[in-house]
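Step one of this worksheet: look at the structure below.
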Amino acid sequence: MMGGLAYMTGAVGKPSRAGSSVNDIMGGMFGAIGILAALFERRTTGRGRLVQSGLFENNTLLVAQHMAQYAVTGVEARPMTERMPAWPIYDIFDTSDGQLFVGVVTDGQWRVFCEAFGLPQFLADPELTTQRQRVEGRGRTLPLVSAALALYTRAELIEKCEALGLPYAPIARPIEMFDDPHLNASGGLVPVTLPDGRVTRLPALPLSLDGKRLPLRRDLPGAGEHGAEIARELGYDEATIARLKASGALS
C-alpha cells in the first residue's frame, strides 16, 4: 500500500493487493542475489559484505517504471486497470463459452486480424492507418471486435489465432497449472510430500541449467523432524536430547 503497487494494481479509488505475494518472493530473490554477489566479490577481495533486502525497497522497484514515466513525461501513470494500452488490441474478450486474451501488436497482425475476422472497414479507414491512430480509436473499434470474437467458442478462437500467428492466451486459474502440458513435459512441477503424507506436485524454480529444470533438492521437513540433529549441532549430548524429546521440546 505504501509503495505504490496497490494503487497501480487496482481501479481508481480502489487500491488492491497484487494477486501473488510478489514482495515476499522478490524480496527473498534479491536477498539471494545479493548473497551471491557478495560471495563472488569475496573470492577476489577476501572480504565479506552485510547483505540487506527490504520489502519496501523491493516494492518501489516494482513501480520504478511508473516513476520513470512521470519523470520523463510529466504525466502520472494511471492504474493498470484504467491505463491506455500501447496496442490497438490487447484485451480479454468473451467468447460463446468462456474468455480469451487476444493481442494485435504489429501492422502485419492488424491486417491479418481485420481480414480474418470480417472487419475490412478498419483497413479502409484513413483514421486507423497508424498504430497510434488505432490505439486512440479503441473506443469505437473494440465494441466491433468484441462482437466479432463473441461468435466463436474459446477452442475455435484459439485454433484460429494459432493458425494466424496472433498472440492469445486462455485465462487460466492456478489450480489448472497442475495439468499444464508444458509444465509437466518440462519438469516444471516437482513432487512434494505434505504433512499428512499425501504427495502433490508444485512449481519448481523457474530455471533451466544445461537445458534441464532443477529437480527437488530436499522435501518439506515434518514438524520437529530435524530437532535432534540441530540439538547435536548446538552441542547437546544424547541424554539431554532424550530428555528434550520426552518432554515434547523436540517432537
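Following the order of the C-alpha cells, first chain is A, next is B, and so on, with residues numbered from 1 inside each chain and ligands from 1 in the order they appear.
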Exercise for the section: Name the residues in contact with Ala38 of chain A at a cut-off of 10 Å, using only C-alpha atoms, excluding same-chain residues fewer than 2 positions from it; report them as an NGL selection string. Expected result: :A and (32-36 or 40-43 or 47-51)
Exercise for the section: Enumerate as number ranges by chain all residues of segment 13-227 of chain A assigned to alpha helix (DSSP H) by DSSP on the backbone, naming them with the chain letters and numbers the document uses. Expected result: A: 22-45, 55-62, 64-73, 107-116, 120-124, 131-136, 138-149, 154-164, 181-186, 227
For the residues in that selection, give me C-alpha atoms as a PDB file, in the first residue's frame.
```
ATOM      1  CA  VAL A  22       5.338 -10.556  -5.008  1.00  0.00           C
ATOM      2  CA  ASN A  23       7.062  -8.543  -2.277  1.00  0.00           C
ATOM      3  CA  ASP A  24       7.907 -11.605  -0.197  1.00  0.00           C
ATOM      4  CA  ILE A  25       9.010 -13.657  -3.201  1.00  0.00           C
ATOM      5  CA  MET A  26      11.079 -10.944  -4.863  1.00  0.00           C
ATOM      6  CA  GLY A  27      12.474  -9.656  -1.567  1.00  0.00           C
ATOM      7  CA  GLY A  28      13.843 -13.149  -0.993  1.00  0.00           C
ATOM      8  CA  MET A  29      15.157 -13.276  -4.558  1.00  0.00           C
ATOM      9  CA  PHE A  30      17.096 -10.033  -4.168  1.00  0.00           C
ATOM     10  CA  GLY A  31      18.439 -11.274  -0.845  1.00  0.00           C
ATOM     11  CA  ALA A  32      19.755 -14.384  -2.599  1.00  0.00           C
ATOM     12  CA  ILE A  33      21.175 -12.323  -5.485  1.00  0.00           C
ATOM     13  CA  GLY A  34      22.920 -10.027  -3.012  1.00  0.00           C
ATOM     14  CA  ILE A  35      24.430 -13.016  -1.183  1.00  0.00           C
ATOM     15  CA  LEU A  36      25.719 -14.485  -4.441  1.00  0.00           C
ATOM     16  CA  ALA A  37      27.235 -11.124  -5.415  1.00  0.00           C
ATOM     17  CA  ALA A  38      28.922 -10.829  -2.018  1.00  0.00           C
ATOM     18  CA  LEU A  39      30.310 -14.362  -2.221  1.00  0.00           C
ATOM     19  CA  PHE A  40      31.643 -13.697  -5.725  1.00  0.00           C
ATOM     20  CA  GLU A  41      33.326 -10.492  -4.552  1.00  0.00           C
ATOM     21  CA  ARG A  42      34.802 -12.277  -1.521  1.00  0.00           C
ATOM     22  CA  ARG A  43      36.616 -14.683  -3.823  1.00  0.00           C
ATOM     23  CA  THR A  44      38.555 -11.680  -5.178  1.00  0.00           C
ATOM     24  CA  THR A  45      38.901  -9.397  -2.151  1.00  0.00           C
ATOM     25  CA  LEU A  55      10.310  -5.374   1.224  1.00  0.00           C
ATOM     26  CA  PHE A  56       9.545  -1.660   0.879  1.00  0.00           C
ATOM     27  CA  GLU A  57      12.574  -1.112  -1.355  1.00  0.00           C
ATOM     28  CA  ASN A  58      11.572  -4.104  -3.462  1.00  0.00           C
ATOM     29  CA  ASN A  59       8.056  -2.684  -3.781  1.00  0.00           C
ATOM     30  CA  THR A  60       9.331   0.652  -5.064  1.00  0.00           C
ATOM     31  CA  LEU A  61      11.481  -1.145  -7.645  1.00  0.00           C
ATOM     32  CA  LEU A  62       8.293  -2.751  -8.980  1.00  0.00           C
ATOM     33  CA  ALA A  64      10.029   2.235 -10.898  1.00  0.00           C
ATOM     34  CA  GLN A  65       8.745   2.212 -14.492  1.00  0.00           C
ATOM     35  CA  HIS A  66       5.792   4.365 -13.465  1.00  0.00           C
ATOM     36  CA  MET A  67       8.042   6.756 -11.565  1.00  0.00           C
ATOM     37  CA  ALA A  68      10.292   6.978 -14.636  1.00  0.00           C
ATOM     38  CA  GLN A  69       7.299   7.696 -16.867  1.00  0.00           C
ATOM     39  CA  TYR A  70       6.376  10.685 -14.727  1.00  0.00           C
ATOM     40  CA  ALA A  71       9.990  11.899 -14.576  1.00  0.00           C
ATOM     41  CA  VAL A  72      10.293  11.775 -18.378  1.00  0.00           C
ATOM     42  CA  THR A  73       6.823  12.919 -19.486  1.00  0.00           C
ATOM     43  CA  ASP A 107       0.897  -3.561 -38.523  1.00  0.00           C
ATOM     44  CA  GLY A 108       1.014  -7.021 -40.070  1.00  0.00           C
ATOM     45  CA  GLN A 109      -1.080  -8.552 -37.305  1.00  0.00           C
ATOM     46  CA  TRP A 110      -3.624  -5.738 -37.639  1.00  0.00           C
ATOM     47  CA  ARG A 111      -4.070  -6.508 -41.325  1.00  0.00           C
ATOM     48  CA  VAL A 112      -4.304 -10.262 -40.760  1.00  0.00           C
ATOM     49  CA  PHE A 113      -6.748  -9.815 -37.888  1.00  0.00           C
ATOM     50  CA  CYS A 114      -9.104  -7.496 -39.777  1.00  0.00           C
ATOM     51  CA  GLU A 115      -9.160  -9.731 -42.847  1.00  0.00           C
ATOM     52  CA  ALA A 116      -9.704 -12.945 -40.883  1.00  0.00           C
ATOM     53  CA  PRO A 120     -12.364  -4.839 -43.688  1.00  0.00           C
ATOM     54  CA  GLN A 121     -13.806  -1.417 -42.837  1.00  0.00           C
ATOM     55  CA  PHE A 122     -10.951  -0.921 -40.375  1.00  0.00           C
ATOM     56  CA  LEU A 123      -8.385  -1.383 -43.159  1.00  0.00           C
ATOM     57  CA  ALA A 124     -10.166   1.156 -45.355  1.00  0.00           C
ATOM     58  CA  GLN A 131      -0.621   2.269 -34.527  1.00  0.00           C
ATOM     59  CA  ARG A 132      -1.189   5.497 -32.632  1.00  0.00           C
ATOM     60  CA  GLN A 133      -4.442   6.153 -34.508  1.00  0.00           C
ATOM     61  CA  ARG A 134      -5.640   2.620 -33.761  1.00  0.00           C
ATOM     62  CA  VAL A 135      -4.863   2.980 -30.071  1.00  0.00           C
ATOM     63  CA  GLU A 136      -6.669   6.311 -29.936  1.00  0.00           C
ATOM     64  CA  ARG A 138     -10.078   1.836 -29.426  1.00  0.00           C
ATOM     65  CA  GLY A 139     -13.291   3.381 -28.118  1.00  0.00           C
ATOM     66  CA  ARG A 140     -15.035   2.739 -31.430  1.00  0.00           C
ATOM     67  CA  THR A 141     -13.169  -0.350 -32.679  1.00  0.00           C
ATOM     68  CA  LEU A 142     -13.269  -2.567 -29.586  1.00  0.00           C
ATOM     69  CA  PRO A 143     -17.072  -2.969 -29.484  1.00  0.00           C
ATOM     70  CA  LEU A 144     -16.988  -4.297 -33.055  1.00  0.00           C
ATOM     71  CA  VAL A 145     -14.011  -6.522 -32.277  1.00  0.00           C
ATOM     72  CA  SER A 146     -15.800  -7.895 -29.202  1.00  0.00           C
ATOM     73  CA  ALA A 147     -18.896  -8.677 -31.254  1.00  0.00           C
ATOM     74  CA  ALA A 148     -16.840 -10.488 -33.897  1.00  0.00           C
ATOM     75  CA  LEU A 149     -14.969 -12.656 -31.382  1.00  0.00           C
ATOM     76  CA  ARG A 154     -12.950 -20.466 -26.955  1.00  0.00           C
ATOM     77  CA  ALA A 155     -11.496 -23.564 -28.649  1.00  0.00           C
ATOM     78  CA  GLU A 156     -12.396 -22.245 -32.106  1.00  0.00           C
ATOM     79  CA  LEU A 157     -10.843 -18.857 -31.379  1.00  0.00           C
ATOM     80  CA  ILE A 158      -7.663 -20.466 -30.015  1.00  0.00           C
ATOM     81  CA  GLU A 159      -7.359 -22.594 -33.158  1.00  0.00           C
ATOM     82  CA  LYS A 160      -7.866 -19.589 -35.423  1.00  0.00           C
ATOM     83  CA  CYS A 161      -5.399 -17.349 -33.572  1.00  0.00           C
ATOM     84  CA  GLU A 162      -2.843 -20.168 -33.614  1.00  0.00           C
ATOM     85  CA  ALA A 163      -3.232 -20.579 -37.388  1.00  0.00           C
ATOM     86  CA  LEU A 164      -2.966 -16.812 -37.953  1.00  0.00           C
ATOM     87  CA  PRO A 181       1.144 -29.705 -20.600  1.00  0.00           C
ATOM     88  CA  HIS A 182       4.245 -27.506 -20.757  1.00  0.00           C
ATOM     89  CA  LEU A 183       4.951 -27.643 -17.015  1.00  0.00           C
ATOM     90  CA  ASN A 184       4.501 -31.394 -16.935  1.00  0.00           C
ATOM     91  CA  ALA A 185       6.619 -32.029 -20.030  1.00  0.00           C
ATOM     92  CA  SER A 186       9.455 -29.738 -18.954  1.00  0.00           C
ATOM     93  CA  GLY A 227      15.190 -31.261  16.056  1.00  0.00           C
TER      94      GLY A 227
END
```
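Around Arg83 of chain A, within 10 Å and counting only C-alpha atoms, the residues found are Met8, Ala11, Ala77 and Arg78 of chain A, once anything fewer than 5 positions away on its own chain is removed.
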Residues from the last selection, C-alpha atoms, saved as an mmCIF file, in the first residue's frame:
```cif
data_model
loop_
_atom_site.group_PDB
_atom_site.id
_atom_site.type_symbol
_atom_site.label_atom_id
_atom_site.label_comp_id
_atom_site.auth_asym_id
_atom_site.auth_seq_id
_atom_site.Cartn_x
_atom_site.Cartn_y
_atom_site.Cartn_z
ATOM 1 C CA MET A 8 -1.276 0.543 -9.787
ATOM 2 C CA ALA A 11 -9.003 0.513 -10.101
ATOM 3 C CA ALA A 77 0.729 6.689 -14.771
ATOM 4 C CA ARG A 78 -2.856 5.563 -14.367
#
```
Exercise for the section: Tell me, as number ranges by chain, which residues lie within 12 Å of segment 168-175 of chain A, counting only C-alpha atoms; anything in the same chain fewer than 3 positions away does not count. Expected result: A: 19-20, 89-95, 97-105, 153-155, 157-165, 178-180, 201-203
Export N, CA and C atoms of the chosen residues as a JSON list (two decimals), in the first residue's frame?
```json
[["chain", "number", "residue", "atom", "x", "y", "z"],
["A", 19, "GLY", "N", -2.00, -10.09, -7.10],
["A", 19, "GLY", "CA", -2.56, -11.44, -6.99],
["A", 19, "GLY", "C", -1.60, -12.49, -6.49],
["A", 20, "SER", "N", -0.38, -12.10, -6.18],
["A", 20, "SER", "CA", 0.62, -13.02, -5.62],
["A", 20, "SER", "C", 1.44, -12.26, -4.59],
["A", 89, "ILE", "N", -5.24, -3.70, -29.93],
["A", 89, "ILE", "CA", -5.99, -4.81, -29.34],
["A", 89, "ILE", "C", -5.05, -5.55, -28.40],
["A", 90, "TYR", "N", -5.38, -5.55, -27.13],
["A", 90, "TYR", "CA", -4.55, -6.20, -26.10],
["A", 90, "TYR", "C", -5.46, -6.42, -24.91],
["A", 91, "ASP", "N", -6.48, -7.28, -25.10],
["A", 91, "ASP", "CA", -7.60, -7.30, -24.18],
["A", 91, "ASP", "C", -8.13, -8.72, -23.98],
["A", 92, "ILE", "N", -8.95, -8.87, -22.95],
["A", 92, "ILE", "CA", -9.66, -10.11, -22.68],
["A", 92, "ILE", "C", -11.06, -10.01, -23.29],
["A", 93, "PHE", "N", -11.41, -11.01, -24.08],
["A", 93, "PHE", "CA", -12.69, -11.00, -24.78],
["A", 93, "PHE", "C", -13.55, -12.19, -24.37],
["A", 94, "ASP", "N", -14.86, -11.97, -24.38],
["A", 94, "ASP", "CA", -15.82, -13.05, -24.14],
["A", 94, "ASP", "C", -16.05, -13.81, -25.43],
["A", 95, "THR", "N", -15.93, -15.14, -25.34],
["A", 95, "THR", "CA", -16.34, -15.99, -26.44],
["A", 95, "THR", "C", -17.72, -16.55, -26.09],
["A", 97, "ASP", "N", -18.35, -19.37, -24.95],
["A", 97, "ASP", "CA", -18.32, -20.29, -23.80],
["A", 97, "ASP", "C", -17.14, -20.03, -22.85],
["A", 98, "GLY", "N", -16.62, -18.83, -22.84],
["A", 98, "GLY", "CA", -15.52, -18.53, -21.94],
["A", 98, "GLY", "C", -14.80, -17.25, -22.34],
["A", 99, "GLN", "N", -13.60, -17.06, -21.85],
["A", 99, "GLN", "CA", -12.84, -15.86, -22.14],
["A", 99, "GLN", "C", -11.50, -16.21, -22.74],
["A", 100, "LEU", "N", -10.95, -15.27, -23.51],
["A", 100, "LEU", "CA", -9.64, -15.46, -24.12],
["A", 100, "LEU", "C", -8.97, -14.09, -24.27],
["A", 101, "PHE", "N", -7.69, -14.04, -23.92],
["A", 101, "PHE", "CA", -6.91, -12.83, -24.19],
["A", 101, "PHE", "C", -6.41, -12.89, -25.63],
["A", 102, "VAL", "N", -6.54, -11.76, -26.35],
["A", 102, "VAL", "CA", -6.06, -11.66, -27.72],
["A", 102, "VAL", "C", -5.27, -10.37, -27.87],
["A", 103, "GLY", "N", -4.14, -10.45, -28.54],
["A", 103, "GLY", "CA", -3.32, -9.27, -28.79],
["A", 103, "GLY", "C", -3.09, -9.07, -30.28],
["A", 104, "VAL", "N", -3.09, -7.81, -30.69],
["A", 104, "VAL", "CA", -2.74, -7.43, -32.07],
["A", 104, "VAL", "C", -1.76, -6.27, -31.92],
["A", 105, "VAL", "N", -0.48, -6.51, -32.13],
["A", 105, "VAL", "CA", 0.54, -5.54, -31.72],
["A", 105, "VAL", "C", 1.41, -5.01, -32.86],
["A", 153, "THR", "N", -16.46, -20.16, -30.20],
["A", 153, "THR", "CA", -16.18, -20.79, -28.92],
["A", 153, "THR", "C", -14.71, -20.50, -28.58],
["A", 154, "ARG", "N", -14.33, -20.73, -27.33],
["A", 154, "ARG", "CA", -12.95, -20.47, -26.95],
["A", 154, "ARG", "C", -11.99, -21.35, -27.74],
["A", 155, "ALA", "N", -12.36, -22.64, -27.91],
["A", 155, "ALA", "CA", -11.50, -23.56, -28.65],
["A", 155, "ALA", "C", -11.36, -23.14, -30.11],
["A", 157, "LEU", "N", -11.63, -20.09, -31.30],
["A", 157, "LEU", "CA", -10.84, -18.86, -31.38],
["A", 157, "LEU", "C", -9.36, -19.15, -31.15],
["A", 158, "ILE", "N", -9.06, -20.06, -30.23],
["A", 158, "ILE", "CA", -7.66, -20.47, -30.02],
["A", 158, "ILE", "C", -7.08, -21.06, -31.30],
["A", 159, "GLU", "N", -7.83, -21.95, -31.93],
["A", 159, "GLU", "CA", -7.36, -22.59, -33.16],
["A", 159, "GLU", "C", -7.12, -21.57, -34.27],
["A", 160, "LYS", "N", -8.01, -20.59, -34.37],
["A", 160, "LYS", "CA", -7.87, -19.59, -35.42],
["A", 160, "LYS", "C", -6.68, -18.67, -35.15],
["A", 161, "CYS", "N", -6.53, -18.22, -33.91],
["A", 161, "CYS", "CA", -5.40, -17.35, -33.57],
["A", 161, "CYS", "C", -4.08, -18.08, -33.77],
["A", 162, "GLU", "N", -4.06, -19.36, -33.42],
["A", 162, "GLU", "CA", -2.84, -20.17, -33.61],
["A", 162, "GLU", "C", -2.48, -20.24, -35.09],
["A", 163, "ALA", "N", -3.48, -20.48, -35.95],
["A", 163, "ALA", "CA", -3.23, -20.58, -37.39],
["A", 163, "ALA", "C", -2.78, -19.24, -37.98],
["A", 164, "LEU", "N", -3.29, -18.14, -37.43],
["A", 164, "LEU", "CA", -2.97, -16.81, -37.95],
["A", 164, "LEU", "C", -1.68, -16.24, -37.37],
["A", 165, "GLY", "N", -1.16, -16.87, -36.33],
["A", 165, "GLY", "CA", 0.03, -16.34, -35.68],
["A", 165, "GLY", "C", -0.23, -15.14, -34.81],
["A", 178, "PHE", "N", -1.73, -27.59, -12.45],
["A", 178, "PHE", "CA", -1.35, -28.97, -12.16],
["A", 178, "PHE", "C", -1.35, -29.82, -13.43],
["A", 179, "ASP", "N", -2.24, -29.51, -14.37],
["A", 179, "ASP", "CA", -2.38, -30.30, -15.59],
["A", 179, "ASP", "C", -1.81, -29.58, -16.81],
["A", 180, "ASP", "N", -1.04, -28.51, -16.59],
["A", 180, "ASP", "CA", -0.50, -27.76, -17.72],
["A", 180, "ASP", "C", 0.49, -28.63, -18.51],
["A", 201, "ARG", "N", 2.32, -32.11, -6.48],
["A", 201, "ARG", "CA", 3.37, -31.53, -7.33],
["A", 201, "ARG", "C", 3.22, -30.01, -7.31],
["A", 202, "LEU", "N", 4.32, -29.31, -7.08],
["A", 202, "LEU", "CA", 4.31, -27.86, -7.02],
["A", 202, "LEU", "C", 5.39, -27.30, -7.93],
["A", 203, "PRO", "N", 5.27, -26.03, -8.35],
["A", 203, "PRO", "CA", 6.23, -25.47, -9.31],
["A", 203, "PRO", "C", 7.66, -25.47, -8.80]]
```
Exercise for the section: Please give the complete set of residues from segment 23-214 of chain A that DSSP, run on the backbone, assigns to strand (DSSP E or B), formatted as number ranges by chain. Expected result: A: 89-94, 99-104, 168-170, 189-193, 199-203, 208-209, 212-213
How would the residues just chosen look if you wrote them out with C-alpha atoms as a CSV table (one decimal), in the first residue's frame?
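Written file, again_5.csv:
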```csv
chain,number,residue,atom,x,y,z
A,89,ILE,CA,-6.0,-4.8,-29.3
A,90,TYR,CA,-4.6,-6.2,-26.1
A,91,ASP,CA,-7.6,-7.3,-24.2
A,92,ILE,CA,-9.7,-10.1,-22.7
A,93,PHE,CA,-12.7,-11.0,-24.8
A,94,ASP,CA,-15.8,-13.0,-24.1
A,99,GLN,CA,-12.8,-15.9,-22.1
A,100,LEU,CA,-9.6,-15.5,-24.1
A,101,PHE,CA,-6.9,-12.8,-24.2
A,102,VAL,CA,-6.1,-11.7,-27.7
A,103,GLY,CA,-3.3,-9.3,-28.8
A,104,VAL,CA,-2.7,-7.4,-32.1
A,168,TYR,CA,-3.5,-15.2,-27.5
A,169,ALA,CA,-3.8,-16.9,-24.0
A,170,PRO,CA,-6.6,-18.6,-22.1
A,189,LEU,CA,6.4,-29.5,-11.3
A,190,VAL,CA,8.2,-31.4,-8.6
A,191,PRO,CA,6.8,-33.9,-6.1
A,192,VAL,CA,6.4,-32.6,-2.6
A,193,THR,CA,5.2,-34.6,0.4
A,199,VAL,CA,2.3,-36.3,-2.4
A,200,THR,CA,1.5,-33.4,-4.6
A,201,ARG,CA,3.4,-31.5,-7.3
A,202,LEU,CA,4.3,-27.9,-7.0
A,203,PRO,CA,6.2,-25.5,-9.3
A,208,SER,CA,16.9,-24.4,-16.5
A,209,LEU,CA,20.6,-25.4,-16.4
A,212,LYS,CA,17.2,-29.2,-17.6
A,213,ARG,CA,14.9,-27.9,-14.9
```
Problem - Selection: 10 Å around Ile230 of chain A, only C-alpha atoms, excl. self and same-chain fewer than 6 positions, as an MDAnalysis selection string - result: chainID A and resid 224 236 250
Keeping only C-alpha atoms, write the selected residues to a file as a PDB file, in the first residue's frame.
```
ATOM      1  CA  GLY A 224      10.419 -31.283  14.519  1.00  0.00           C
ATOM      2  CA  TYR A 236      23.651 -31.082  23.420  1.00  0.00           C
ATOM      3  CA  LEU A 250      11.924 -31.963  20.431  1.00  0.00           C
TER       4      LEU A 250
END
```
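In this structure, atom CA of Glu82 of chain A sits 29.1 Å away from atom CA of Gly54 of chain A.
Across the structure, atom CA of Gly74 of chain A and atom CA of Tyr7 of chain A are spaced 18.2 Å apart.
Nearest to Leu166 of chain A of all the residues A:Thr106, A:Arg243, A:Thr129, A:Leu214 is A:Thr106, based on only C-alpha atoms.
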